[in-house]
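What follows is the content of entry36.cif, which has mmCIF, C-alpha atoms:
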```
data_upload
#
loop_
_atom_site.label_atom_id
_atom_site.label_comp_id
_atom_site.auth_asym_id
_atom_site.auth_seq_id
_atom_site.Cartn_x
_atom_site.Cartn_y
_atom_site.Cartn_z
CA MET B 1 30.72 -62.30 -48.38
CA TYR B 2 29.84 -58.69 -48.01
CA ASN B 3 30.13 -57.38 -44.49
CA ASN B 4 27.84 -55.79 -41.97
CA LYS B 5 29.77 -52.57 -41.43
CA PRO B 6 28.63 -49.11 -42.49
CA ARG B 7 30.38 -48.53 -45.80
CA ARG B 8 30.95 -45.79 -48.30
CA GLY B 9 28.42 -45.41 -51.04
CA PRO B 10 27.13 -42.46 -53.07
CA ALA B 11 23.40 -42.27 -53.69
CA SER B 12 21.88 -41.10 -56.93
CA ALA B 13 20.06 -37.80 -56.54
CA GLY B 14 16.42 -38.35 -55.78
CA ARG B 15 16.72 -42.14 -55.85
CA PRO B 16 17.36 -44.55 -52.99
CA SER B 17 20.60 -46.52 -53.20
CA ALA B 18 21.44 -49.74 -51.46
CA SER B 19 24.76 -50.22 -49.74
CA GLY B 20 26.95 -53.28 -49.84
CA ARG B 21 25.09 -54.68 -46.90
CA PRO B 22 21.55 -54.24 -45.77
CA ALA B 23 22.75 -52.41 -42.68
CA GLN B 24 22.64 -49.12 -44.56
CA SER B 25 21.35 -47.85 -47.89
CA SER B 26 23.54 -44.84 -48.70
CA ARG B 27 25.79 -42.41 -46.96
CA SER B 28 28.71 -40.09 -47.54
CA ARG B 29 32.36 -41.07 -47.60
CA SER B 30 33.04 -39.21 -44.35
CA ALA B 31 30.19 -40.57 -42.27
CA ARG B 32 32.58 -42.61 -40.13
CA PRO B 33 34.86 -40.27 -38.14
CA ALA B 34 38.57 -40.90 -38.53
CA GLY B 35 40.01 -43.16 -35.88
CA GLN B 36 36.70 -44.73 -34.89
CA LYS B 37 35.94 -48.37 -35.52
CA SER B 38 32.84 -49.50 -37.31
CA PHE B 39 30.12 -51.45 -35.61
CA GLY B 40 28.50 -54.72 -36.57
CA GLY B 41 25.01 -53.57 -37.45
CA GLY B 42 23.60 -53.02 -33.96
CA SER B 43 23.57 -50.43 -31.22
CA ARG B 44 23.93 -52.80 -28.29
CA THR B 45 26.58 -52.22 -25.65
CA PRO B 46 29.42 -54.73 -26.08
CA LYS B 47 29.30 -57.66 -23.71
CA LYS B 48 31.95 -58.09 -21.08
CA GLY B 49 35.05 -59.60 -22.60
CA GLY B 50 33.78 -58.93 -26.12
CA PHE B 51 34.34 -56.07 -28.54
CA LYS B 52 36.44 -53.31 -26.90
CA GLY B 53 36.15 -50.60 -29.57
CA ALA B 54 34.56 -47.19 -29.10
CA TYR B 55 30.77 -47.15 -29.19
CA ILE B 56 29.31 -45.44 -32.26
CA ASP B 57 25.80 -44.09 -32.10
CA PRO B 58 23.88 -45.39 -35.17
CA LYS B 59 21.97 -42.09 -35.31
CA MET B 60 25.04 -40.41 -36.77
CA PHE B 61 24.50 -42.44 -39.97
CA ILE B 62 20.85 -41.46 -40.40
CA ASN B 63 19.68 -38.62 -42.60
CA LYS B 64 16.03 -37.94 -43.36
CA ALA B 65 15.27 -36.27 -46.67
CA VAL B 66 14.02 -32.71 -46.53
CA PRO B 67 11.43 -31.92 -49.22
CA ALA B 68 12.76 -29.35 -51.67
CA GLN B 69 11.32 -25.93 -50.94
CA PRO B 70 10.53 -23.48 -53.73
CA GLU B 71 13.12 -20.74 -53.66
CA ALA B 72 12.22 -17.10 -53.74
CA GLU B 73 13.01 -15.47 -57.05
CA VAL B 74 16.23 -13.57 -56.56
CA HIS B 75 18.16 -12.12 -59.46
CA VAL B 76 21.69 -13.45 -59.33
CA VAL B 77 24.29 -12.40 -61.87
CA LYS B 78 26.06 -15.57 -63.00
CA THR B 79 29.23 -15.93 -65.04
CA LEU B 80 28.69 -17.05 -68.62
CA PHE B 81 31.15 -19.20 -70.56
CA ALA B 82 30.77 -16.54 -73.25
CA ASP B 83 32.39 -14.03 -70.85
CA LEU B 84 35.50 -16.12 -70.24
CA ALA B 85 38.74 -15.33 -72.04
CA ILE B 86 38.78 -18.54 -74.09
CA ASN B 87 38.86 -19.34 -77.79
CA ASP B 88 35.60 -18.69 -79.68
CA GLN B 89 35.63 -22.17 -81.24
CA LEU B 90 35.90 -23.66 -77.76
CA LYS B 91 33.01 -21.47 -76.59
CA GLN B 92 30.87 -22.83 -79.41
CA ALA B 93 31.79 -26.42 -78.49
CA ILE B 94 30.77 -25.73 -74.88
CA LEU B 95 27.45 -24.25 -75.99
CA LYS B 96 26.79 -27.31 -78.16
CA ARG B 97 27.17 -29.36 -75.00
CA GLY B 98 24.31 -27.33 -73.57
CA TYR B 99 26.43 -25.46 -71.02
CA ALA B 100 25.87 -21.73 -70.65
CA HIS B 101 26.96 -21.14 -67.05
CA PRO B 102 30.07 -22.62 -65.42
CA THR B 103 29.58 -24.58 -62.20
CA ASP B 104 30.98 -23.04 -59.02
CA ILE B 105 34.26 -24.94 -59.22
CA GLN B 106 34.62 -23.98 -62.89
CA ALA B 107 33.83 -20.31 -62.32
CA LYS B 108 36.34 -20.06 -59.48
CA THR B 109 39.22 -22.05 -60.99
CA ILE B 110 39.17 -21.41 -64.75
CA PRO B 111 40.28 -17.73 -64.54
CA HIS B 112 43.28 -18.70 -62.37
CA ILE B 113 44.22 -21.59 -64.67
CA LEU B 114 43.98 -19.30 -67.70
CA GLU B 115 46.48 -17.01 -65.95
CA GLY B 116 48.92 -19.92 -65.72
CA LYS B 117 48.68 -20.36 -61.94
CA ASP B 118 48.92 -23.65 -60.08
CA VAL B 119 45.59 -24.54 -58.47
CA ILE B 120 44.33 -26.78 -55.67
CA GLY B 121 40.63 -27.46 -56.19
CA LEU B 122 38.64 -29.05 -53.37
CA ALA B 123 35.34 -30.35 -54.69
CA ASN B 124 33.20 -33.46 -54.50
CA THR B 125 32.55 -35.76 -57.43
CA GLY B 126 29.82 -34.39 -59.71
CA THR B 127 30.65 -30.69 -59.29
CA GLY B 128 32.07 -30.24 -62.79
CA LYS B 129 35.77 -30.40 -61.94
CA THR B 130 36.60 -32.29 -65.17
CA GLY B 131 35.46 -29.25 -67.15
CA ALA B 132 37.26 -27.01 -64.66
CA PHE B 133 40.64 -28.24 -65.86
CA LEU B 134 39.85 -29.44 -69.40
CA ILE B 135 38.38 -26.18 -70.69
CA PRO B 136 41.32 -23.89 -69.78
CA MET B 137 43.86 -26.56 -70.76
CA ILE B 138 42.25 -27.07 -74.17
CA ASN B 139 42.35 -23.30 -74.62
CA LYS B 140 46.05 -23.28 -73.69
CA ILE B 141 46.83 -26.01 -76.24
CA MET B 142 44.88 -24.12 -78.92
CA GLN B 143 47.00 -21.04 -78.26
CA ASP B 144 50.24 -23.03 -78.35
CA PRO B 145 50.08 -26.52 -79.97
CA ARG B 146 53.45 -27.38 -78.40
CA GLN B 147 51.74 -27.59 -74.99
CA LYS B 148 51.03 -31.12 -73.76
CA LEU B 149 48.84 -32.18 -70.85
CA LEU B 150 49.14 -35.23 -68.57
CA VAL B 151 46.09 -36.13 -66.47
CA VAL B 152 46.72 -38.71 -63.73
CA VAL B 153 43.64 -40.48 -62.34
CA PRO B 154 42.99 -43.41 -59.96
CA THR B 155 40.72 -45.60 -62.12
CA HIS B 156 40.05 -46.82 -65.68
CA GLU B 157 36.51 -45.49 -65.59
CA LEU B 158 37.51 -41.94 -64.65
CA ALA B 159 40.14 -41.90 -67.41
CA ILE B 160 37.55 -42.87 -70.02
CA GLN B 161 35.08 -40.33 -68.65
CA ILE B 162 37.69 -37.58 -69.02
CA GLN B 163 38.51 -38.70 -72.56
CA GLU B 164 34.80 -38.57 -73.47
CA GLU B 165 34.55 -35.03 -72.12
CA PHE B 166 37.69 -34.04 -74.01
CA ILE B 167 36.26 -35.39 -77.28
CA ALA B 168 32.99 -33.52 -76.70
CA PHE B 169 34.79 -30.21 -76.02
CA THR B 170 37.15 -30.54 -79.01
CA GLN B 171 34.79 -31.46 -81.84
CA GLY B 172 36.34 -30.09 -85.04
CA LEU B 173 39.45 -28.77 -83.27
CA ARG B 174 41.80 -31.58 -84.41
CA LEU B 175 43.11 -32.27 -80.91
CA GLN B 176 43.82 -35.81 -79.73
CA ALA B 177 43.84 -37.55 -76.34
CA VAL B 178 45.29 -40.97 -75.49
CA VAL B 179 44.00 -43.10 -72.60
CA ALA B 180 46.65 -45.24 -70.89
CA VAL B 181 45.18 -47.55 -68.25
CA GLY B 182 45.95 -50.96 -66.81
CA GLY B 183 43.66 -53.91 -67.43
CA ALA B 184 43.60 -53.13 -71.16
CA ASN B 185 45.98 -54.28 -73.88
CA ILE B 186 49.06 -52.06 -73.71
CA HIS B 187 50.03 -52.41 -77.39
CA PRO B 188 47.16 -50.32 -78.87
CA GLN B 189 47.98 -47.66 -76.28
CA ILE B 190 51.63 -47.67 -77.40
CA GLN B 191 50.55 -47.30 -81.03
CA ARG B 192 48.35 -44.31 -80.19
CA LEU B 193 51.18 -42.71 -78.22
CA ARG B 194 53.31 -42.89 -81.38
CA THR B 195 50.79 -40.73 -83.26
CA ARG B 196 50.30 -37.01 -82.76
CA HIS B 197 48.53 -36.29 -79.47
CA ASN B 198 48.03 -33.37 -77.11
CA VAL B 199 46.74 -35.07 -73.96
CA VAL B 200 47.47 -38.32 -72.12
CA VAL B 201 45.03 -39.51 -69.46
CA GLY B 202 46.25 -42.45 -67.43
CA THR B 203 46.45 -44.41 -64.21
CA PRO B 204 49.77 -44.33 -62.31
CA GLY B 205 50.72 -47.98 -62.80
CA ARG B 206 50.18 -48.03 -66.56
CA LEU B 207 51.93 -44.67 -67.03
CA LYS B 208 54.94 -46.06 -65.17
CA ASP B 209 54.93 -49.19 -67.37
CA LEU B 210 54.95 -47.03 -70.51
CA ILE B 211 57.82 -44.93 -69.15
CA ASN B 212 59.87 -48.04 -68.36
CA ARG B 213 59.27 -49.26 -71.92
CA LYS B 214 60.44 -45.83 -73.15
CA ASP B 215 57.11 -45.34 -74.96
CA LEU B 216 56.21 -42.27 -72.88
CA ARG B 217 58.53 -39.36 -72.18
CA LEU B 218 57.16 -37.03 -69.53
CA GLU B 219 59.81 -34.34 -70.03
CA THR B 220 57.76 -33.17 -73.04
CA PHE B 221 54.69 -32.43 -70.86
CA THR B 222 54.37 -28.86 -69.59
CA ASN B 223 51.05 -29.30 -67.76
CA VAL B 224 49.77 -31.90 -65.31
CA VAL B 225 46.49 -32.59 -63.50
CA LEU B 226 46.25 -34.86 -60.47
CA ASP B 227 42.55 -35.70 -60.38
CA GLU B 228 40.99 -37.28 -57.27
CA ALA B 229 44.36 -37.09 -55.56
CA ASP B 230 42.93 -38.27 -52.25
CA ARG B 231 41.65 -41.46 -53.85
CA MET B 232 45.02 -42.14 -55.48
CA LEU B 233 46.73 -41.82 -52.11
CA ASP B 234 44.11 -44.13 -50.55
CA MET B 235 44.93 -46.70 -53.21
CA GLY B 236 48.67 -46.57 -52.45
CA PHE B 237 49.83 -44.63 -55.51
CA ILE B 238 51.84 -42.00 -53.64
CA ALA B 239 55.27 -43.36 -54.70
CA ASP B 240 54.15 -43.64 -58.34
CA ILE B 241 52.79 -40.09 -58.31
CA LYS B 242 56.04 -38.71 -56.92
CA LEU B 243 57.98 -40.55 -59.63
CA LEU B 244 55.74 -39.21 -62.39
CA MET B 245 55.96 -35.65 -61.06
CA SER B 246 59.75 -35.83 -60.88
CA LEU B 247 59.96 -36.72 -64.58
CA LEU B 248 57.78 -33.86 -65.84
CA SER B 249 59.04 -30.70 -67.51
CA SER B 250 59.99 -27.77 -65.32
CA PRO B 251 58.65 -25.13 -65.17
CA ARG B 252 55.14 -26.49 -65.61
CA GLN B 253 51.57 -25.74 -64.58
CA THR B 254 50.21 -28.16 -61.99
CA LEU B 255 46.56 -28.60 -61.01
CA LEU B 256 45.46 -30.80 -58.10
CA PHE B 257 41.84 -31.75 -57.50
CA SER B 258 40.67 -33.62 -54.44
CA ALA B 259 37.55 -34.15 -52.35
CA THR B 260 39.54 -33.76 -49.14
CA LEU B 261 42.75 -32.02 -48.07
CA SER B 262 44.63 -34.45 -45.84
CA LYS B 263 48.14 -33.95 -44.47
CA GLU B 264 49.45 -36.23 -47.23
CA ILE B 265 47.79 -34.06 -49.89
CA GLU B 266 49.25 -30.95 -48.24
CA VAL B 267 52.73 -32.47 -48.39
CA LEU B 268 52.26 -33.44 -52.03
CA ALA B 269 51.04 -29.95 -52.93
CA HIS B 270 53.93 -28.28 -51.08
CA GLN B 271 56.42 -30.50 -52.91
CA PHE B 272 55.12 -30.12 -56.46
CA LEU B 273 52.96 -26.98 -56.73
CA THR B 274 54.25 -23.42 -56.87
CA ASP B 275 52.32 -20.79 -54.87
CA PRO B 276 48.99 -22.50 -55.66
CA VAL B 277 45.59 -20.79 -55.55
CA ARG B 278 43.20 -22.74 -53.31
CA VAL B 279 39.55 -23.05 -54.26
CA SER B 280 37.08 -24.98 -52.12
CA ILE B 281 33.58 -25.88 -53.24
CA LYS B 282 32.36 -28.19 -50.50
CA SER B 283 28.71 -29.10 -50.12
CA ARG B 284 27.27 -31.09 -47.25
CA GLU B 285 28.35 -34.71 -47.52
CA THR B 286 24.82 -36.12 -47.60
CA SER B 287 22.33 -34.31 -49.81
CA ALA B 288 19.30 -32.92 -48.03
CA GLN B 289 17.13 -34.74 -50.59
CA VAL B 290 18.66 -38.17 -49.88
CA ASP B 291 17.27 -40.59 -47.32
CA GLN B 292 20.07 -42.28 -45.40
CA ASP B 293 19.29 -44.98 -42.89
CA ILE B 294 20.47 -48.10 -41.10
CA VAL B 295 18.82 -51.49 -41.29
CA HIS B 296 19.55 -53.64 -38.25
CA VAL B 297 20.13 -57.32 -38.95
CA GLY B 298 18.98 -59.16 -35.88
CA SER B 299 20.51 -62.25 -34.33
CA GLY B 300 19.63 -65.29 -36.41
CA GLU B 301 18.56 -63.23 -39.45
CA ASN B 302 20.10 -63.83 -42.85
CA LYS B 303 21.59 -60.71 -44.44
CA ILE B 304 20.84 -61.92 -47.96
CA GLU B 305 17.17 -62.42 -47.12
CA VAL B 306 16.98 -58.97 -45.52
CA LEU B 307 18.62 -57.47 -48.60
CA GLN B 308 16.24 -59.35 -50.89
CA LYS B 309 13.23 -57.83 -49.10
CA LEU B 310 14.74 -54.35 -49.42
CA LEU B 311 15.47 -54.71 -53.12
CA ALA B 312 11.98 -56.05 -53.80
CA GLN B 313 10.45 -52.73 -52.72
CA SER B 314 8.95 -50.98 -55.72
CA HIS B 315 10.52 -47.56 -55.00
CA PHE B 316 14.03 -48.99 -55.41
CA LYS B 317 14.58 -48.40 -59.13
CA LYS B 318 18.34 -48.26 -59.72
CA ILE B 319 20.66 -49.58 -57.05
CA LEU B 320 24.36 -49.46 -56.28
CA ILE B 321 25.65 -52.00 -53.76
CA PHE B 322 29.16 -51.72 -52.33
CA THR B 323 31.16 -54.59 -50.89
CA ARG B 324 34.56 -54.85 -49.23
CA THR B 325 36.12 -57.49 -51.47
CA LYS B 326 36.19 -58.44 -55.15
CA ARG B 327 35.12 -61.97 -54.31
CA GLY B 328 32.23 -60.63 -52.25
CA ALA B 329 31.05 -58.43 -55.12
CA GLU B 330 31.05 -61.33 -57.58
CA LYS B 331 29.37 -63.73 -55.17
CA LEU B 332 26.64 -61.26 -54.22
CA SER B 333 25.98 -60.35 -57.86
CA ASN B 334 25.54 -64.02 -58.78
CA THR B 335 23.28 -64.63 -55.78
CA LEU B 336 21.03 -61.70 -56.67
CA PHE B 337 20.89 -62.81 -60.31
CA LYS B 338 19.72 -66.28 -59.22
CA MET B 339 17.02 -64.57 -57.12
CA GLY B 340 15.64 -62.97 -60.26
CA PHE B 341 17.24 -59.52 -60.03
CA LYS B 342 18.99 -57.97 -63.03
CA ALA B 343 22.40 -57.60 -61.40
CA GLU B 344 26.00 -57.22 -62.56
CA SER B 345 29.31 -56.64 -60.77
CA ILE B 346 32.32 -54.39 -61.29
CA HIS B 347 35.66 -54.99 -59.59
CA GLY B 348 39.39 -55.25 -60.19
CA ASP B 349 39.39 -58.93 -61.22
CA LYS B 350 37.29 -58.13 -64.28
CA SER B 351 38.89 -57.05 -67.53
CA HIS B 352 38.69 -53.50 -68.79
CA TYR B 353 36.10 -54.58 -71.39
CA GLN B 354 33.97 -56.41 -68.82
CA ARG B 355 33.94 -53.42 -66.46
CA GLN B 356 32.91 -51.06 -69.24
CA LYS B 357 30.19 -53.44 -70.38
CA SER B 358 28.74 -53.65 -66.84
CA LEU B 359 28.75 -49.86 -66.54
CA GLN B 360 27.02 -49.42 -69.90
CA LEU B 361 24.34 -51.97 -68.99
CA PHE B 362 23.69 -50.04 -65.77
CA LYS B 363 23.67 -46.62 -67.47
CA ASN B 364 21.31 -47.88 -70.19
CA ASN B 365 18.90 -49.44 -67.65
CA ARG B 366 19.55 -52.97 -68.94
CA ILE B 367 20.33 -54.00 -65.36
CA GLU B 368 18.89 -52.57 -62.16
CA ILE B 369 21.61 -53.47 -59.66
CA LEU B 370 25.37 -52.87 -59.90
CA VAL B 371 27.55 -54.47 -57.22
CA ALA B 372 30.98 -52.84 -56.83
CA THR B 373 33.92 -52.94 -54.47
CA ASP B 374 34.79 -49.82 -52.49
CA VAL B 375 37.87 -49.30 -54.67
CA SER B 376 35.70 -49.26 -57.81
CA SER B 377 32.92 -47.19 -56.24
CA ARG B 378 33.76 -43.92 -57.96
#
```
Would you encode the structure as structure tokens?
Amino acid sequence: MYNNKPRRGPASAGRPSASGRPAQSSRSRSARPAGQKSFGGGSRTPKKGGFKGAYIDPKMFINKAVPAQPEAEVHVVKTLFADLAINDQLKQAILKRGYAHPTDIQAKTIPHILEGKDVIGLANTGTGKTGAFLIPMINKIMQDPRQKLLVVVPTHELAIQIQEEFIAFTQGLRLQAVVAVGGANIHPQIQRLRTRHNVVVGTPGRLKDLINRKDLRLETFTNVVLDEADRMLDMGFIADIKLLMSLLSSPRQTLLFSATLSKEIEVLAHQFLTDPVRVSIKSRETSAQVDQDIVHVGSGENKIEVLQKLLAQSHFKKILIFTRTKRGAEKLSNTLFKMGFKAESIHGDKSHYQRQKSLQLFKNNRIEILVATDVSSR
């Protein structure tokens, strides 16, 4: 059963998004201050002898959308991909993707990466950080085909997303990437690793399995990217990451991207990066154009019924719902489907194929509601 606590949950730009419980529709990952306990959907003062945790004002989770204001026309000189010191064929591939200007994180990190420096990039999801490391690394491989890149990511979905971007940037360049993730058959991955490849994108557990089988030798990799490092630490991959880093070639170029810079990330960076350049592109956690609110579930009310009324509102077009457990995600998805909603779930108990199918149905508007666990939320 999904719970009544405020939970993480990104909202699509310009569209409302439902949370894993009707107590809140969407909010940023940092809305709950560290060290504070969540509340149970109300703002009442705890009764004597009851809950002893610190009181949290519900107002801190509320954000009212600010209508976009027309900006005054100001001439700003922006960097062009055409101005970067990268291969002309790669520039053409980028232009075919429809990209003329780098995003902020790309403009501020690519020059340093091209110079061979280690980089720590602090940026939220959706800021273009995949291109920030793929573009200069593809250029490096084009200059020296002996260069190999390892990209370590927390989830299957992110690995596939990076592979798709790599394929788009390398059309006609005869470069190959292999995805190595758990939840999928390991034998096709082993076969692809035995063919010529330049890049391996994988999750820590599967990479470790391949190393133990002696199907992956990291000493041949001269470049590594730790993408969404904070999420990997949250998921308990710190020991696996340290093992992978210890097996890599030295010297090497190391890039670390994260939404936050915790003490654990600092320690990791100090241990494995050499004199890194730090680049921070941090926007406000909740977009000014996103409505963020709390729905109080009163005593005696049924959360499912409250959620049903919310989802029935016509302005809710495409909805992400986040739950705490895999069982809760599956149960809620089935309940919503029986109510007549086009709903699917995505969580760790589903196979790699099933998760990809659910995502594609959601992307292609075949379903209107996707229920996911917090771990799968990104």
request  = Name every residue that the PyMOL selection byres ((chain B and resi 338-355) around 8) selects in this structure, writing the answer as a list in words with chains first and numbers rising.
outcome  = His156, Gly182, Gly183, Ala184, Lys326, Ala329, Glu330, Ser333, Asn334, Thr335, Leu336, Phe337, Gln356, Lys357, Ser358, Leu359, Arg366, Ile367, Glu368, Ile369, Leu370, Val371, Ala372, Thr373, Val375 and Ser376 of chain B
query = Between B:Asp227, B:Asp88, B:Asp275, B:Glu115, which has the minimum distance to B:Phe133 (counting all atoms listed in the file)?
reply = B:Asp227
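Shortest atom-to-atom contact with B:Ile110 among B:Ile138, B:Leu244, B:Ile186, B:Ile160: B:Ile138, counting all atoms listed in the file.
Taken over the whole file, the PyMOL selection byres ((chain B and resi 232) around 10) covers exactly Val152, Val153, Pro154, Thr155, Thr203, Pro204, Leu226, Asp227, Glu228, Ala229, Asp230, Arg231, Leu233, Asp234, Met235, Gly236, Phe237, Ile238, Asp240, Ile241 and Ser258 of chain B.
For the pair atom CA of B:Phe169 and atom CA of B:Asn139, the interatomic distance is 10.3 Å.
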request  = Taking the file as shown, find all residues satisfying the PyMOL selection byres ((chain B and resi 253) around 9) and write them as a list in words.
outcome  = Ile113, Gly116, Lys117, Asp118, Val119, Thr222, Asn223, Val224, Val225, Ser250, Pro251, Arg252, Thr254, Leu255, Leu273 and Thr274 of chain B
ask   = Of the candidates B:Ala107, B:Val200, B:Val179, B:Leu95, which shows the shortest atom-to-atom distance to B:Val151, using all atoms listed in the file?
value = B:Val200
Just need the box for stretch 141-145 of chain B, edges along x, y and z, holding every atom the file lists for it with 8 Å tacked onto each side, so centre and edge lengths in Å to one decimal, as JSON.
```
{"center_x": 47.6, "center_y": -23.8, "center_z": -78.1, "size_x": 21.4, "size_y": 21.5, "size_z": 19.7}
```
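The interatomic distance for the pair atom CA of B:Val277 and atom CA of B:Ala177 works out to 26.8 Å.
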note = Separating atom CA of B:Gln176 from atom CA of B:Asn198, to the nearest tenth of an Å, is a gap of 5.5 Å
